[in-house]
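Trainee: After the C-alpha cells below, expect a handful of questions from me.
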Amino acid sequence: MSIKHFLQFSDLSLSEFEYLIARANLIKRKFKHYEPHHTLLDRTLVMVFEKSSTRTRLSFEAGMHQLGGAAIYLHTRDSQLGRGEPIEDAGQVMSRMCDIIMVRTYGQEIIERFAEYSRVPVINGLTNEHHPCQVLADIFTYVEHRGSIRGKEIAWVGDANNMLYSWLQAAQVFNFHMRVSTPKEYPIDPKLISPENGNFTLFEDPSQACAGAHLINTDVWTSMGYEAENAARLKAFDGWIIDSEKMKLAAADALFMHCLPAHRGEEVAADVIDGPQSVVWDEAENRLHVQKALLEYLVRGRL
C-alpha cells in the first residue's frame with residue numbers, strides 16, 4: 001500500500017470515508033463491550049504538538065494504546081524542532097522510527113512540508129486552515145444519531161476558521177449543503193475553498209443560516225493564536241450566538257454540535273449546549289473511535 005496522508009478532508013474519497021465510518025462503528029461497539037481490538041500491535045504513533053491540546057492528545061494517545069500500539073508525545077519546545085531543525089529533516093528522521101505521525105501545528109504549509117519528507121502516513125491533528133479529524137468525528141456523530149448526511153442542510157454560524165474549511169470540503173465529498181454565516185469583518189477566505197465547490201450558501205443574517213438546518217454547528221469566536229483580537233471579535237460577533245431562538249428555526253429534529261472547548265453565553269447559550277438537541281459529548285468521544293479507524297486504515301489499509 002502506498003503512503004497515504006490525511007492532511008485535509010479532501011485527501012480521501014467518499015468510499016474511503018464510508019469505510020472509516022463503518023469501521024469506527026465496529027471499533028466503538030467493541031470498545032463498549034470490552035472486546036480487545038489490537039490491530040496495530042507493536043506499532044508506534046508519534047504525536048508532534050506545536051499547539052496545545054486536550055481532546056487531540058487524549059484521543060490519539062488513548063486510541064493508539066487501545067489498538068495495541070504505543071504513542072509518543074513530543075512538543076516542539078522539547079525537541080530539536082524548537083531549536084530550528086528543518087521540518088524536512090525532522091520528517092525524514094521521525095518517520096524512520098515509527099509507523100505513523102500526527103502533527104498539530106499552525107500553518108498548513110508546515111504539515112505539508114513535513115509529510116513530503118515522511119516515509120510513513122501523516123495525520124493533521126489541527127492547523128490554522130484545516131481540522132479534518134474533528135469534522136470526520138462530527139459526521140460520524142451525525143450518522144449515529146440521524147443516518148446519512150447526504151443531502152442534509154448543515155448550518156455553520158460564527159468564525160470562518162479551520163473547522164468551517166474542513167466542513168466545506170466534507171460537503172463536496174458527502175454531497176450535503178452548508179449554510180454559512182460569518183460577520184462581514186471575518187469573511188471566508190476564497191483561497192481555502194475549491195472553485196468547484198457549489199455546496200454552500202452565504203447568509204448575512206445568522207438566523208437565516210439556521211432556518212431549516214438539520215445540524216447547527218459553531219465554534220469559539222477567537223481561535224488559538226488569535227487571542228490579541230478577542231475584544232474586536234466579541235464586538236463583531238454580537239448576534240451570532242446560537243441560542244434557543246435560532247434552534248427553533250432549524251428542523252424539528254436538528255442537532256447542535258460544538259468541537260469544544262465552549263464559552264457558554266458567548267458563541268452558544270447554556271440551554272442549547274446542555275439541552276436535548278446537543279450531542280457535543282458524543283461528538284467529543286467519537287474523536288477516539290474515528291481516529292482509531294483512521295490510524296488503522298492509514299497503517300494497514302482495509303481490513
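Each chain of the C-alpha cells is named A, B, ... in the order shown, its residues numbered from 1; ligands are numbered from 1 in display order.
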Fewer than 6 positions away in the same chain doesn't count, so skip those; otherwise give me all residues within 6 Å of stretch 42-54 of chain A, counting only C-alpha atoms, as JSON, numbers by chain.
Mentor: {"A": [69, 70, 71, 72, 73, 74, 75, 76, 98, 99, 100, 101, 102, 103, 104, 105]}
Trainee: From a DSSP pass on the backbone, collect the residues of stretch 97-196 of chain A flagged as helix (DSSP H, G or I) and hand them back as a ChimeraX atom specification.
Mentor: /A:108-116,132-146,162-174,190-192
Trainee: Using only C-alpha atoms, which of the listed residues (A:Glu227, A:Asp238, A:Asp219, A:Glu144) sits closest to A:Pro183?
Mentor: A:Asp238
Trainee: Within 10 Å of A:Leu298, counting only C-alpha atoms, which residues qualify if same-chain residues fewer than 5 places away don't, as a list in words?
Mentor: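 So the residues in contact are Met1, Ser2, Ile3, Lys4, His5, Phe6, Asp99, Ile100, Val120, Pro121, Val122, Ile123 and Ala293 of chain A.
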Trainee: Enumerate the residues of stretch 90-262 of chain A with a DSSP assignment of strand (DSSP E or B), computed from the backbone, and present them as number ranges by chain.
Mentor: A: 100-104, 122-126, 153-157, 177-181, 200-202, 215-218, 242, 255-258
Trainee: Mind writing the picked residues with N, CA and C atoms as a compact mmCIF listing (two decimals), in the first residue's frame?
Mentor:
```txt
# COMPACT_ATOMS: atom_id res chain seq x y z
N ILE A 100 3.49 5.86 12.06
CA ILE A 100 2.55 6.89 11.67
C ILE A 100 2.79 8.11 12.56
N ILE A 101 2.51 9.30 12.03
CA ILE A 101 2.80 10.55 12.74
C ILE A 101 1.57 11.45 12.69
N MET A 102 1.25 12.05 13.84
CA MET A 102 0.22 13.08 13.90
C MET A 102 0.88 14.40 14.25
N VAL A 103 0.53 15.45 13.53
CA VAL A 103 1.13 16.77 13.77
C VAL A 103 0.01 17.78 14.03
N ARG A 104 0.16 18.55 15.10
CA ARG A 104 -0.76 19.63 15.44
C ARG A 104 0.06 20.92 15.47
N VAL A 122 1.04 10.68 7.55
CA VAL A 122 0.98 11.84 8.45
C VAL A 122 -0.48 12.28 8.55
N ILE A 123 -0.93 12.54 9.78
CA ILE A 123 -2.30 12.99 10.04
C ILE A 123 -2.27 14.42 10.56
N ASN A 124 -3.18 15.22 10.06
CA ASN A 124 -3.34 16.59 10.53
C ASN A 124 -4.19 16.58 11.81
N GLY A 125 -3.54 16.88 12.95
CA GLY A 125 -4.26 16.98 14.21
C GLY A 125 -4.86 18.35 14.44
N LEU A 126 -4.57 19.30 13.57
CA LEU A 126 -5.13 20.65 13.52
C LEU A 126 -4.06 21.58 12.96
N GLU A 153 -28.99 19.79 5.24
CA GLU A 153 -28.62 21.20 5.37
C GLU A 153 -27.86 21.38 6.68
N ILE A 154 -26.61 21.82 6.58
CA ILE A 154 -25.75 21.98 7.74
C ILE A 154 -25.42 23.46 7.91
N ALA A 155 -25.77 24.03 9.05
CA ALA A 155 -25.50 25.44 9.31
C ALA A 155 -24.18 25.61 10.04
N TRP A 156 -23.40 26.57 9.58
CA TRP A 156 -22.20 27.00 10.30
C TRP A 156 -22.39 28.47 10.62
N VAL A 157 -22.42 28.80 11.90
CA VAL A 157 -22.64 30.17 12.36
C VAL A 157 -21.48 30.57 13.26
N HIS A 177 -25.26 20.24 1.95
CA HIS A 177 -25.23 21.68 1.69
C HIS A 177 -24.94 22.45 2.97
N MET A 178 -23.99 23.40 2.88
CA MET A 178 -23.62 24.23 4.01
C MET A 178 -24.32 25.58 3.94
N ARG A 179 -24.86 26.02 5.06
CA ARG A 179 -25.48 27.34 5.21
C ARG A 179 -24.57 28.13 6.15
N VAL A 180 -23.82 29.07 5.60
CA VAL A 180 -22.72 29.71 6.33
C VAL A 180 -23.04 31.17 6.63
N SER A 181 -22.84 31.55 7.89
CA SER A 181 -22.99 32.95 8.29
C SER A 181 -21.83 33.35 9.17
N PHE A 200 -22.42 25.28 -0.86
CA PHE A 200 -22.63 26.17 0.27
C PHE A 200 -23.30 27.46 -0.19
N THR A 201 -23.99 28.10 0.76
CA THR A 201 -24.62 29.39 0.56
C THR A 201 -24.25 30.30 1.72
N LEU A 202 -23.95 31.56 1.41
CA LEU A 202 -23.59 32.52 2.44
C LEU A 202 -24.80 33.33 2.87
N LEU A 215 -28.53 20.36 11.15
CA LEU A 215 -27.45 20.42 12.13
C LEU A 215 -26.97 21.86 12.20
N ILE A 216 -26.82 22.38 13.42
CA ILE A 216 -26.25 23.70 13.62
C ILE A 216 -24.92 23.53 14.33
N ASN A 217 -23.91 24.15 13.77
CA ASN A 217 -22.55 23.97 14.23
C ASN A 217 -21.91 25.33 14.48
N THR A 218 -21.13 25.44 15.55
CA THR A 218 -20.38 26.66 15.81
C THR A 218 -19.09 26.32 16.50
N ILE A 242 -25.51 31.04 19.24
CA ILE A 242 -26.53 30.03 18.98
C ILE A 242 -27.37 29.89 20.25
N LEU A 255 -29.80 18.79 15.26
CA LEU A 255 -28.80 18.58 16.29
C LEU A 255 -27.94 19.82 16.44
N PHE A 256 -27.30 19.96 17.60
CA PHE A 256 -26.33 21.02 17.81
C PHE A 256 -24.97 20.39 18.09
N MET A 257 -23.92 20.94 17.45
CA MET A 257 -22.56 20.47 17.68
C MET A 257 -21.62 21.64 17.93
N HIS A 258 -20.58 21.35 18.70
CA HIS A 258 -19.51 22.30 19.01
C HIS A 258 -18.28 21.46 19.29
```
Trainee: Record the distance separating atom CA of A:Met163 and atom CA of A:His131, expressed in Å with one decimal.
Mentor: 5.5 Å
Trainee: For A:Asp271, work out the shell of residues within 12 Å, counting only C-alpha atoms and skipping chain neighbours fewer than 5 positions away, then give it as JSON, numbers by chain.
Mentor: {"A": [241, 242, 243, 244, 245, 247, 256, 264, 265, 276, 277, 278]}
Trainee: For a quick check of understanding, using only C-alpha atoms, which of A:Asn199, A:Ser59, A:Asn162, A:Asn128 has the smallest distance to A:Leu295?
Mentor: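 The answer is A:Ser59, which sits nearest to A:Leu295.
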Trainee: Pick from A:Leu7, A:Met64, A:Leu136, A:Asn161: nearest to A:Glu116, with only C-alpha atoms counted?
Mentor: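 Checking each candidate against A:Glu116, we get A:Leu7 as the closest.
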Trainee: Any chance you could tabulate, as a Markdown table, the residues of stretch 101-192 of chain A at most 6 Å from stretch 81-96 of chain A with each one's nearest atom pair and distance in Å to one decimal, using only C-alpha atoms, in chain and rising number order?
Mentor:
```
| residue | atom | partner | partner_atom | distance |
| --- | --- | --- | --- | --- |
| A:Phe114 | CA | A:Gly91 | CA | 5.0 |
| A:Tyr117 | CA | A:Gly91 | CA | 5.3 |
| A:Ser118 | CA | A:Gly91 | CA | 4.9 |
| A:Arg119 | CA | A:Ser95 | CA | 5.3 |
| A:Val120 | CA | A:Ser95 | CA | 5.6 |
```
Trainee: Convert the current residue selection to file output with C-alpha atoms, as a short mmCIF file (atom, residue, chain, number, x, y, z; two decimals), in the first residue's frame.
Mentor:
```
data_model
loop_
_atom_site.label_atom_id
_atom_site.label_comp_id
_atom_site.auth_asym_id
_atom_site.auth_seq_id
_atom_site.Cartn_x
_atom_site.Cartn_y
_atom_site.Cartn_z
CA PHE A 114 6.66 17.52 6.89
CA TYR A 117 9.62 14.09 3.52
CA SER A 118 7.93 11.45 5.66
CA ARG A 119 8.24 7.74 4.91
CA VAL A 120 5.05 6.99 6.88
#
```
Trainee: What's the separation between atom CA of A:Glu204 and atom CA of A:His145, in Å to one decimal place?
Mentor: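 It comes out at 29.5 Å.
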Trainee: Between A:Leu12, A:Ile110, A:Val143, A:Ile193, which residue has the minimum interatomic distance to A:Trp167, considering only C-alpha atoms?
Mentor: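 Answer, going by the shortest atom-to-atom distance: A:Ile193.
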